[in-house]
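**Student:** Pasting a structure below so you can have a look.
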Amino acid sequence: MVRMLRPFARAVTYTRWLHLSMAIVWPALWLFIDEAWWTVGTATVLLGLAGLVPAMRVVEGLQARLLLTGHRDGGASAEIVVAPSATRGDRGRMVVWLQTRLFLGALVSHLSVQLLFLTVDLVSTALGGERVGGAFLHVEGPRWWHALLAPLPLVVAAAVVVGSGHLITRIALRLLGPSPAERLAALEERTEQLLERTRIARELHDSIGHALTVAVVQAGAARAAGDPAFTDWALGAIEETGRAALEDLERVLGVLRESGKPVSGRPTLADADRLLDSARASGAKVDAEVTGPVETVPGPVSREGYRILQESLTNVLRHAGAVPVRVRVRVADGTLVLAIRNPLPAGGTGSGRGSGLRGIRERAALLGGLARTGPEEGHWQVHAELPLS
C-alpha cells in the first residue's frame with residue numbers, strides 16, 4: 001500500500017500532469033471563443049508547423065527537463081536535448097512530439113476532470129441529490145449504492161495521472177532525445193575528454209615521478225657520501241630537477257584551467273640534455289648518442305619521445321640505480337628510434353611494474369608506432385619506433 005502511494009509524495013508526478021494539461025490550453029481557449037470543432041483541426045495543423053521551427057526544440061526540451069524529470073541537468077534530463085533542430089529528422093520528431101503531447105494531454109485532462117465529476121455525481125445521487133453534469137453517469141434519482149462506487153473513479157484518476165506521466169516521459173526521452181548523429185558526436189567528445197585526462201595523467205606521472213626519483217637518489221647518495229661538497233652539489237641538482245618539475249606541473253595545470261588553450265612549451269627531444277644531465281647527476285653513467293636531424297621531428301612526436309626517454313631513465317634510477325645506461329636516439333627513414341639499455345641488477349628485473357611501462361607503449365601506439373620493453377641478454381631494454389608522419 002505504501003509503495004502504491006509513494007508516487008503521490010513526489011512533486012514530479014504533478015508536474016508531469018501539469019505538462020500534459022498545458023498542451024491543450026491554447027487550443028481549448030480557441031475552441032471556447034469560436035465554439036467550432038474545425039478550430040481544433042486548425043490548431044493541430046499550426047502546432048505541426050510550429051514543430052518545423054528549429055527553436056521549438058529548445059523550448060520543448062527545457063519544459064520537458066524541468067517538468068518531466070524534475071531536474072535541469074543530470075540524470076534522465078541529460079537525455080533530453082535543448083539544442084535547436086539541426087536536421088529534417090529532428091524537425092520531424094518534434095512535429096510528432098507536439099501532436100502526441102496535444103492528443104495525450106487532451107485525453108488525460110478530459111479523464112481527470114470527468115472522473116472527478118463522476119465521483120461527485122455518485123456521492124450526490126447516493127444522497128438523493130442531482131448530478132452535477134458529468135459525462136459518465138446518466139441515471140437520475142437516489143441510488144444509495146452509488147456511495148460504494150464513489151472511491152473507484154478517484155483510484156482510476158490517480159492511475160491515469162501516474163501512468164500518463166510515466167508514458168509522456170518515456171515518449172519525451174525517445175522523441176526529444178539526441179539523434180544518432182548527436183549521440184555519436186557526444187561519444188566522440190567524451191572519448192576526447194578521456195584521452196586528454198589520460199594524457200595529463202601520463203604527463204604528471206612522468207614529470208613528477210622523474211623529479212622525485214632523482215631527488216630520492218641524490219639525497220641517499222649525499223647522506224651516504226658524508227661529504228659537504230658533494231652534499232651541496234646534490235642539493236643543487238635536486239633544486240634544478242624540482243624546478244623543472246614545477247614548470248611541467250604548471251604547464252599541465254594550465255591545460256586543466258584553460259581547456260580550450262593549446263598545449264605549448266612542453267619539453268621536446270631538443271631538451272633531452274636536461275634529462276641526461278639529471279641522470280648523470282644521480283650517479284648513472286649515461287652513454288648517449290643522437291644521430292639525425294632531431295630538430296626537424298614534428299612537435300607531437302618529439303614531445304612524446306621526450307616523455308618516453310624520461311620514463312625510461314626514471315625506471316633505470318628507480319630500479320637499477322647508478323648503472324651504465326646506453327641511450328641511442330636516431331632520426332632516419334621517416335622514423336624516430338629510441339633505444340635505452342641498462343644492465344639488470346642482481347636478483348631483479350630492473351623494470352617498472354606500474355603504469356610507466358604501459359604509458360610508454362600507449363604513447364607509441366597513439367602515434368602509430370611500436371614500443372617494446374623487457375629483459376634481453378642480461379640487460380633491460382626499451383625500444384620505441386615512432387613514425388614522423
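Following the order of the C-alpha cells, chains are lettered A, B, ..., residues in each are numbered from 1, and ligands are numbered from 1.
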Name the residues in contact with stretch 378-388 of chain A at a cut-off of 7 Å, using only C-alpha atoms, excluding same-chain residues fewer than 5 positions from it; report them as a list in words.

**Tutor:**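 In the requested format, the answer is Val297, Pro298, Val301, Ser312, Gly334, Thr335, Leu336, Val337, Leu338, Ala339, Ile340, Arg341, Asn342, Pro343, Leu344, Gly350, Ala364, Leu367, Gly368, Gly369, Leu370, Ala371, Arg372 and Thr373 of chain A.
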
**Student:** Need to verify the contact set: A:Thr15, 12 Å, only C-alpha atoms, exclusion of same-chain residues closer than 6 positions in sequence. Can you return it as a list in words?

**Tutor:**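 Selected residues are Pro7, Phe8, Ser21, Met22, Gln63, Ala64, Arg65, Leu66, Leu67, Leu68, Thr69, Gly70, His71, Val161, Val162, Ser164, Gly165, His166, Ile168 and Thr169 of chain A.
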
**Student:** Could you pull out all residues of stretch 102-203 of chain A with a DSSP call of alpha helix (DSSP H) and give them as a ChimeraX atom specification?

**Tutor:** /A:102-126,146-149,151-175,180-203

**Student:** Which residues, written as an MDAnalysis selection string, have at least one atom at most 7 Å from A:Thr213, with only C-alpha atoms counted and residues fewer than 5 positions away on the same chain left out?

**Tutor:** chainID A and resid 314 317:318

**Student:** What are the closest atom pairs, with distances in Å to one decimal, for each residue of stretch 151-247 of chain A lying within 7 Å of stretch 77-89 of chain A, using only C-alpha atoms, rows by chain and rising residue number, as a Markdown table?

**Tutor:**
| residue | atom | partner | partner_atom | distance |
| --- | --- | --- | --- | --- |
| A:Leu173 | CA | A:Ile80 | CA | 5.9 |
| A:Leu176 | CA | A:Ile80 | CA | 5.4 |
| A:Gly177 | CA | A:Ile80 | CA | 4.5 |
| A:Pro178 | CA | A:Val81 | CA | 5.9 |

**Student:** How far is it from atom CA of A:Ala135 to atom CA of A:Leu118, in Å with one decimal?

**Tutor:**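 Value for the atom CA of A:Ala135-atom CA of A:Leu118 distance: 7.6 Å.
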
**Student:** Ranking A:Gly242, A:Pro345, A:Gly321, A:Pro300 by minimum distance to A:Arg363 and counting only C-alpha atoms, which one comes first?

**Tutor:**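 Result for the nearest residue to A:Arg363: A:Pro300.
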
**Student:** Of the residues A:Asp287, A:Glu295, A:Asp90, A:Glu376, which is the one nearest to A:Leu52, using only C-alpha atoms?

**Tutor:**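 Using only C-alpha atoms, A:Leu52 sits closest to A:Asp90.
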